[in-house]
Amino acid sequence: MTTNQLVQQIKQKKSFLCIGLDVDLNKIPQHLLKEEDPIFAFNKAIIDATHHLCVAYKPNTAFYEAYGIKGWKALGKTITYLNEKHPEIFTIADAKRGDIGNTSTMYAKAFFEDLAFDSVTVAPYMGKDSVEPFLAFKDKHTIMLALTSNQGAFDFQTKTVEGRELYKQVLETSKSWKNSKNLMYVVGATKAEYLADIRAIIPDGFLLVPGVGAQGGNLQDVCKYGMTDAVGLLINSSRGIIYASKNTDFAEAAAKKSEALQKEMELILNQ
Ligand SMILES: O=C(O)c1cc(=O)[nH]c(=O)n1[C@@H]1O[C@H](COP(=O)(O)O)[C@@H](O)[C@H]1O
């Protein structure tokens with residue numbers, strides 16, 4: 001998917017919501033456990049109830065890998081269902097990969113070719129030759145961690161290296177990499193006050209912003225400092241949406257939570 005197609009979808013739906021499909025069998029409604037594939041049954045119900053309110057879905061692969069072969073199969077069924085039923089929706093494999101180039105190419109093939117996701121999250125720690133193999137795929141997007149939502153972000157990311165915070169070095173340096181137009185960046189919603197500085201380095205690119213909902217990030221603050229003319233933001237909420245109810249009305253409850261965020265986004269877009 002091209003960035004323009006993503007922007008068009010945002011304008012049409014008046015939403016820049018990304019729903020995180022972080023499926024934990026201990027948290028899904030217990031009646032689904034009787035299904036042949038409870039993870040897929042849960043995802044399908046959530047997607048059917050929310051696809052008109054969001055522009056992206058982000059399964060975090062940890063929640064599938066934890067269940068072994070069954071988990072991978074459920075992830076495969078989920079991405080196939082999305083690509084067949086809702087090809088306009090942007091898909092993110094939240095896998096946080098990155099390795100020596102030869103290995104990164106195989107990670108990229110796994111998520112872009114075999115599973116056919118539009119994007120994958122990567123860690124920048126191993127540098128240029130670990131990320132460029134992902135960037136080589138046409139119309140696929142590589143979403144690199146910049147400033148994460150967790151407390152540990154202050155351990156390294158905000159430390160000063162050669163006169164500048166490390167996350168700023170990551171942003172600046174990555175702009176010179178081959179096919180850097182295929183880069184997007186992760187910035188935690190809990191770090192909204194850093195967004196003005198981030199936009200000074202990345203004025204136009206898309207930012208994936210997780211941390212709204214369960215982690216307490218604030219949508220208004222993120223938009224105030226992070227929004228561009230082409231919106232430039234994908235706001236993710238996972239637990240706050242998908243576990244809105246533990247009962248048979250879980251999909252309806254997820255749609256209600258999504259709609260509340262979508263309405264808030266519509267107001268911001270109309271300002
Ligand atoms: O890359 C991510 O998506 C990510 C980066 C980050 O800094 N913080 C963060 O929470 N995430 C992911 O975003 C999702 C947040 O989930 P909730 O806190 O349940 O909304 C999880 O899948 C996290 O792994």
# chains A, B, ... in the order shown; residues from 1 in each chain; ligands from 1
call {"tool": "closest_atom_pairs", "arguments": {"of": "chain A", "to": "ligand 1", "cutoff": "7 Å", "atoms": "only C-alpha atoms and all ligand atoms", "output": "CSV"}}
result
residue,atom,partner,partner_atom_place_in_ligand_line,distance
A:Gly20,CA,ligand 1,22 (O),6.2
A:Asp22,CA,ligand 1,22 (O),6.0
A:Asn60,CA,ligand 1,22 (O),4.9
A:Asp94,CA,ligand 1,3 (O),5.9
A:Lys96,CA,ligand 1,1 (O),6.8
A:Thr121,CA,ligand 1,1 (O),6.2
A:Leu145,CA,ligand 1,1 (O),6.6
A:Leu147,CA,ligand 1,7 (O),6.6
A:Thr148,CA,ligand 1,7 (O),3.2
A:Ser149,CA,ligand 1,7 (O),3.8
A:Asn150,CA,ligand 1,7 (O),6.0
A:Val186,CA,ligand 1,1 (O),6.0
A:Val187,CA,ligand 1,7 (O),6.1
A:Gly188,CA,ligand 1,7 (O),4.7
A:Pro210,CA,ligand 1,13 (O),4.7
A:Gly211,CA,ligand 1,18 (O),5.1
A:Val212,CA,ligand 1,20 (O),6.0
A:Gly213,CA,ligand 1,20 (O),5.7
A:Ala214,CA,ligand 1,18 (O),4.8
A:Gln215,CA,ligand 1,18 (O),5.1
A:Asn236,CA,ligand 1,20 (O),6.3
A:Ser237,CA,ligand 1,20 (O),3.9
A:Ser238,CA,ligand 1,20 (O),3.7
A:Arg239,CA,ligand 1,19 (O),3.7
A:Gly240,CA,ligand 1,20 (O),5.9
call {"tool": "residues_around", "arguments": {"residues": "Asn270 in chain A", "least_positions_apart": "6", "cutoff": "12 Å", "atoms": "only C-alpha atoms", "output": "VMD selection string"}}
result
chain A and resid 11 14 to 15 231 263 to 264
call {"tool": "residues_around", "arguments": {"residues": "Thr78 in chain A", "least_positions_apart": "4", "cutoff": "9 Å", "atoms": "only C-alpha atoms", "output": "VMD selection string"}}
result
chain A and resid 39 to 40 43 to 44 59 73 to 74 82 to 83
call {"tool": "write_last_selection", "arguments": {"atoms": "N, CA and C atoms", "output": "PDB file, in the first residue's frame"}}
result
ATOM      1  N   ILE A  39      -8.364 -17.724  18.674  1.00  0.00           N
ATOM      2  CA  ILE A  39      -7.680 -16.449  18.396  1.00  0.00           C
ATOM      3  C   ILE A  39      -8.266 -15.817  17.136  1.00  0.00           C
ATOM      4  N   PHE A  40      -8.406 -16.643  16.079  1.00  0.00           N
ATOM      5  CA  PHE A  40      -8.954 -16.098  14.831  1.00  0.00           C
ATOM      6  C   PHE A  40     -10.424 -15.704  15.012  1.00  0.00           C
ATOM      7  N   ASN A  43     -10.401 -12.348  16.608  1.00  0.00           N
ATOM      8  CA  ASN A  43      -9.975 -11.292  15.673  1.00  0.00           C
ATOM      9  C   ASN A  43     -11.042 -11.001  14.635  1.00  0.00           C
ATOM     10  N   LYS A  44     -11.638 -12.062  14.086  1.00  0.00           N
ATOM     11  CA  LYS A  44     -12.646 -11.887  13.029  1.00  0.00           C
ATOM     12  C   LYS A  44     -13.822 -11.054  13.567  1.00  0.00           C
ATOM     13  N   PRO A  59      -1.464  -6.512  14.724  1.00  0.00           N
ATOM     14  CA  PRO A  59      -1.225  -7.644  15.613  1.00  0.00           C
ATOM     15  C   PRO A  59       0.221  -7.605  16.104  1.00  0.00           C
ATOM     16  N   LYS A  73      -0.626 -19.888  12.844  1.00  0.00           N
ATOM     17  CA  LYS A  73      -1.748 -20.146  11.921  1.00  0.00           C
ATOM     18  C   LYS A  73      -2.817 -19.074  12.094  1.00  0.00           C
ATOM     19  N   ALA A  74      -3.113 -18.723  13.334  1.00  0.00           N
ATOM     20  CA  ALA A  74      -4.138 -17.703  13.594  1.00  0.00           C
ATOM     21  C   ALA A  74      -3.702 -16.349  13.032  1.00  0.00           C
ATOM     22  N   LEU A  82      -7.951 -10.055   6.519  1.00  0.00           N
ATOM     23  CA  LEU A  82      -7.885  -8.604   6.323  1.00  0.00           C
ATOM     24  C   LEU A  82      -7.599  -8.259   4.864  1.00  0.00           C
ATOM     25  N   ASN A  83      -6.625  -8.942   4.270  1.00  0.00           N
ATOM     26  CA  ASN A  83      -6.249  -8.612   2.885  1.00  0.00           C
ATOM     27  C   ASN A  83      -7.364  -8.951   1.899  1.00  0.00           C
TER      28      ASN A  83
END
call {"tool": "atom_distance", "arguments": {"atom1": "CA of Thr190 in chain A", "atom2": "CA of Leu207 in chain A"}}
result
13.6 Å
call {"tool": "select_by_dssp", "arguments": {"residues": "range 41-270 of chain A", "states": "helix (DSSP H, G or I)", "output": "PyMOL selection string"}}
result
chain A and resi 41-50+62-65+68-85+101-114+128-135+153-156+166-174+180-182+189-201+219-226+239-242+250-270
call {"tool": "residues_around", "arguments": {"residues": "range 172-180 of chain A", "least_positions_apart": "6", "cutoff": "9 Å", "atoms": "only C-alpha atoms", "output": "PyMOL selection string"}}
result
chain A and resi 124+127-128+131-132+135-137+201-202
call {"tool": "write_last_selection", "arguments": {"atoms": "N, CA, C and O atoms", "output": "PDB file, in the first residue's frame"}}
result
ATOM      1  N   PRO A 124      16.157  -0.129  15.791  1.00  0.00           N
ATOM      2  CA  PRO A 124      17.270   0.501  15.069  1.00  0.00           C
ATOM      3  C   PRO A 124      18.654   0.144  15.612  1.00  0.00           C
ATOM      4  O   PRO A 124      19.658   0.566  15.058  1.00  0.00           O
ATOM      5  N   GLY A 127      21.588  -0.751  13.408  1.00  0.00           N
ATOM      6  CA  GLY A 127      21.998   0.225  12.410  1.00  0.00           C
ATOM      7  C   GLY A 127      21.565  -0.029  10.978  1.00  0.00           C
ATOM      8  O   GLY A 127      20.758  -0.912  10.691  1.00  0.00           O
ATOM      9  N   LYS A 128      22.162   0.824  10.103  1.00  0.00           N
ATOM     10  CA  LYS A 128      21.759   0.924   8.693  1.00  0.00           C
ATOM     11  C   LYS A 128      21.607  -0.423   7.969  1.00  0.00           C
ATOM     12  O   LYS A 128      20.579  -0.694   7.347  1.00  0.00           O
ATOM     13  N   VAL A 131      18.514  -2.421   8.752  1.00  0.00           N
ATOM     14  CA  VAL A 131      17.183  -1.877   8.420  1.00  0.00           C
ATOM     15  C   VAL A 131      16.981  -1.774   6.906  1.00  0.00           C
ATOM     16  O   VAL A 131      15.878  -2.003   6.404  1.00  0.00           O
ATOM     17  N   GLU A 132      18.066  -1.463   6.164  1.00  0.00           N
ATOM     18  CA  GLU A 132      17.905  -1.272   4.708  1.00  0.00           C
ATOM     19  C   GLU A 132      17.287  -2.471   3.985  1.00  0.00           C
ATOM     20  O   GLU A 132      16.520  -2.279   3.041  1.00  0.00           O
ATOM     21  N   LEU A 135      13.746  -1.888   3.833  1.00  0.00           N
ATOM     22  CA  LEU A 135      13.352  -0.714   3.036  1.00  0.00           C
ATOM     23  C   LEU A 135      13.344  -1.000   1.539  1.00  0.00           C
ATOM     24  O   LEU A 135      12.793  -0.220   0.761  1.00  0.00           O
ATOM     25  N   ALA A 136      13.959  -2.113   1.145  1.00  0.00           N
ATOM     26  CA  ALA A 136      14.084  -2.430  -0.285  1.00  0.00           C
ATOM     27  C   ALA A 136      12.765  -2.894  -0.905  1.00  0.00           C
ATOM     28  O   ALA A 136      12.661  -2.997  -2.120  1.00  0.00           O
ATOM     29  N   PHE A 137      11.758  -3.170  -0.099  1.00  0.00           N
ATOM     30  CA  PHE A 137      10.485  -3.695  -0.628  1.00  0.00           C
ATOM     31  C   PHE A 137       9.560  -2.546  -1.033  1.00  0.00           C
ATOM     32  O   PHE A 137       9.212  -1.698  -0.206  1.00  0.00           O
ATOM     33  N   ILE A 201      12.620  17.229  13.066  1.00  0.00           N
ATOM     34  CA  ILE A 201      13.536  16.350  12.301  1.00  0.00           C
ATOM     35  C   ILE A 201      12.775  15.606  11.205  1.00  0.00           C
ATOM     36  O   ILE A 201      13.260  15.427  10.099  1.00  0.00           O
ATOM     37  N   ILE A 202      11.579  15.144  11.521  1.00  0.00           N
ATOM     38  CA  ILE A 202      10.745  14.376  10.572  1.00  0.00           C
ATOM     39  C   ILE A 202       9.456  15.176  10.342  1.00  0.00           C
ATOM     40  O   ILE A 202       8.428  14.895  10.976  1.00  0.00           O
TER      41      ILE A 202
END
call {"tool": "closest_residue", "arguments": {"among": "A:Ala116, A:Leu208, A:Leu25, A:Leu33", "to": "Asp139 in chain A", "atoms": "only C-alpha atoms"}}
result
A:Ala116
call {"tool": "select_by_dssp", "arguments": {"residues": "range 33-76 of chain A", "states": "strand (DSSP E or B)", "output": "list in words"}}
result
Ala56, Tyr57, Lys58 and Asn60 of chain A
call {"tool": "closest_residue", "arguments": {"among": "A:Asn182, A:Ser119, A:Gln169, A:Gln30", "to": "Ala56 in chain A", "atoms": "only C-alpha atoms"}}
result
A:Ser119
call {"tool": "decode", "arguments": {"residues": "range 65-136 of chain A", "atoms": "C-alpha atoms", "output": "mmCIF file, in the first residue's frame"}}
result
data_model
loop_
_atom_site.group_PDB
_atom_site.id
_atom_site.type_symbol
_atom_site.label_atom_id
_atom_site.label_comp_id
_atom_site.auth_asym_id
_atom_site.auth_seq_id
_atom_site.Cartn_x
_atom_site.Cartn_y
_atom_site.Cartn_z
ATOM 1 C CA GLU A 65 4.280 -16.697 18.819
ATOM 2 C CA ALA A 66 3.398 -17.477 22.449
ATOM 3 C CA TYR A 67 0.945 -20.136 21.187
ATOM 4 C CA GLY A 68 3.400 -21.815 18.790
ATOM 5 C CA ILE A 69 2.136 -23.271 15.507
ATOM 6 C CA LYS A 70 -1.489 -22.529 16.455
ATOM 7 C CA GLY A 71 -0.618 -18.902 17.047
ATOM 8 C CA TRP A 72 1.197 -18.520 13.699
ATOM 9 C CA LYS A 73 -1.748 -20.146 11.921
ATOM 10 C CA ALA A 74 -4.138 -17.703 13.594
ATOM 11 C CA LEU A 75 -1.887 -14.798 12.580
ATOM 12 C CA GLY A 76 -1.841 -16.101 8.992
ATOM 13 C CA LYS A 77 -5.623 -16.443 8.922
ATOM 14 C CA THR A 78 -6.034 -12.946 10.367
ATOM 15 C CA ILE A 79 -3.838 -11.228 7.768
ATOM 16 C CA THR A 80 -5.419 -13.235 4.940
ATOM 17 C CA TYR A 81 -8.890 -12.275 6.174
ATOM 18 C CA LEU A 82 -7.885 -8.604 6.323
ATOM 19 C CA ASN A 83 -6.249 -8.612 2.885
ATOM 20 C CA GLU A 84 -9.213 -10.364 1.264
ATOM 21 C CA LYS A 85 -12.071 -8.554 3.009
ATOM 22 C CA HIS A 86 -10.528 -5.126 3.631
ATOM 23 C CA PRO A 87 -7.565 -4.603 1.270
ATOM 24 C CA GLU A 88 -7.752 -0.831 1.879
ATOM 25 C CA ILE A 89 -6.768 -1.271 5.530
ATOM 26 C CA PHE A 90 -3.112 -0.768 6.478
ATOM 27 C CA THR A 91 -1.645 -3.776 8.274
ATOM 28 C CA ILE A 92 1.256 -3.707 10.715
ATOM 29 C CA ALA A 93 3.163 -6.769 11.884
ATOM 30 C CA ASP A 94 4.457 -5.572 15.230
ATOM 31 C CA ALA A 95 7.473 -7.852 15.406
ATOM 32 C CA LYS A 96 10.287 -5.423 16.330
ATOM 33 C CA ARG A 97 12.859 -7.262 14.185
ATOM 34 C CA GLY A 98 16.330 -6.281 12.925
ATOM 35 C CA ASP A 99 19.544 -8.310 12.533
ATOM 36 C CA ILE A 100 22.568 -8.536 10.236
ATOM 37 C CA GLY A 101 21.492 -7.765 6.685
ATOM 38 C CA ASN A 102 21.349 -11.357 5.477
ATOM 39 C CA THR A 103 18.966 -12.241 8.310
ATOM 40 C CA SER A 104 16.906 -9.043 8.068
ATOM 41 C CA THR A 105 16.138 -9.927 4.443
ATOM 42 C CA MET A 106 14.564 -13.172 5.642
ATOM 43 C CA TYR A 107 12.536 -11.340 8.318
ATOM 44 C CA ALA A 108 11.350 -8.919 5.637
ATOM 45 C CA LYS A 109 10.331 -11.795 3.359
ATOM 46 C CA ALA A 110 8.445 -13.445 6.216
ATOM 47 C CA PHE A 111 6.303 -10.396 6.925
ATOM 48 C CA PHE A 112 6.075 -8.701 3.490
ATOM 49 C CA GLU A 113 5.927 -11.732 1.170
ATOM 50 C CA ASP A 114 4.751 -14.802 3.071
ATOM 51 C CA LEU A 115 2.326 -13.046 5.436
ATOM 52 C CA ALA A 116 1.738 -10.055 3.080
ATOM 53 C CA PHE A 117 1.642 -7.323 5.736
ATOM 54 C CA ASP A 118 1.952 -3.702 4.567
ATOM 55 C CA SER A 119 4.493 -2.909 7.272
ATOM 56 C CA VAL A 120 6.640 -4.294 10.051
ATOM 57 C CA THR A 121 8.148 -2.724 13.162
ATOM 58 C CA VAL A 122 11.942 -2.868 13.526
ATOM 59 C CA ALA A 123 14.491 -1.917 16.156
ATOM 60 C CA PRO A 124 17.270 0.501 15.069
ATOM 61 C CA TYR A 125 19.966 -0.779 17.444
ATOM 62 C CA MET A 126 21.946 -2.720 14.792
ATOM 63 C CA GLY A 127 21.998 0.225 12.410
ATOM 64 C CA LYS A 128 21.759 0.924 8.693
ATOM 65 C CA ASP A 129 22.591 -2.507 7.238
ATOM 66 C CA SER A 130 20.042 -4.152 9.559
ATOM 67 C CA VAL A 131 17.183 -1.877 8.420
ATOM 68 C CA GLU A 132 17.905 -1.272 4.708
ATOM 69 C CA PRO A 133 16.904 -4.836 3.694
ATOM 70 C CA PHE A 134 13.357 -4.035 4.924
ATOM 71 C CA LEU A 135 13.352 -0.714 3.036
ATOM 72 C CA ALA A 136 14.084 -2.430 -0.285
#
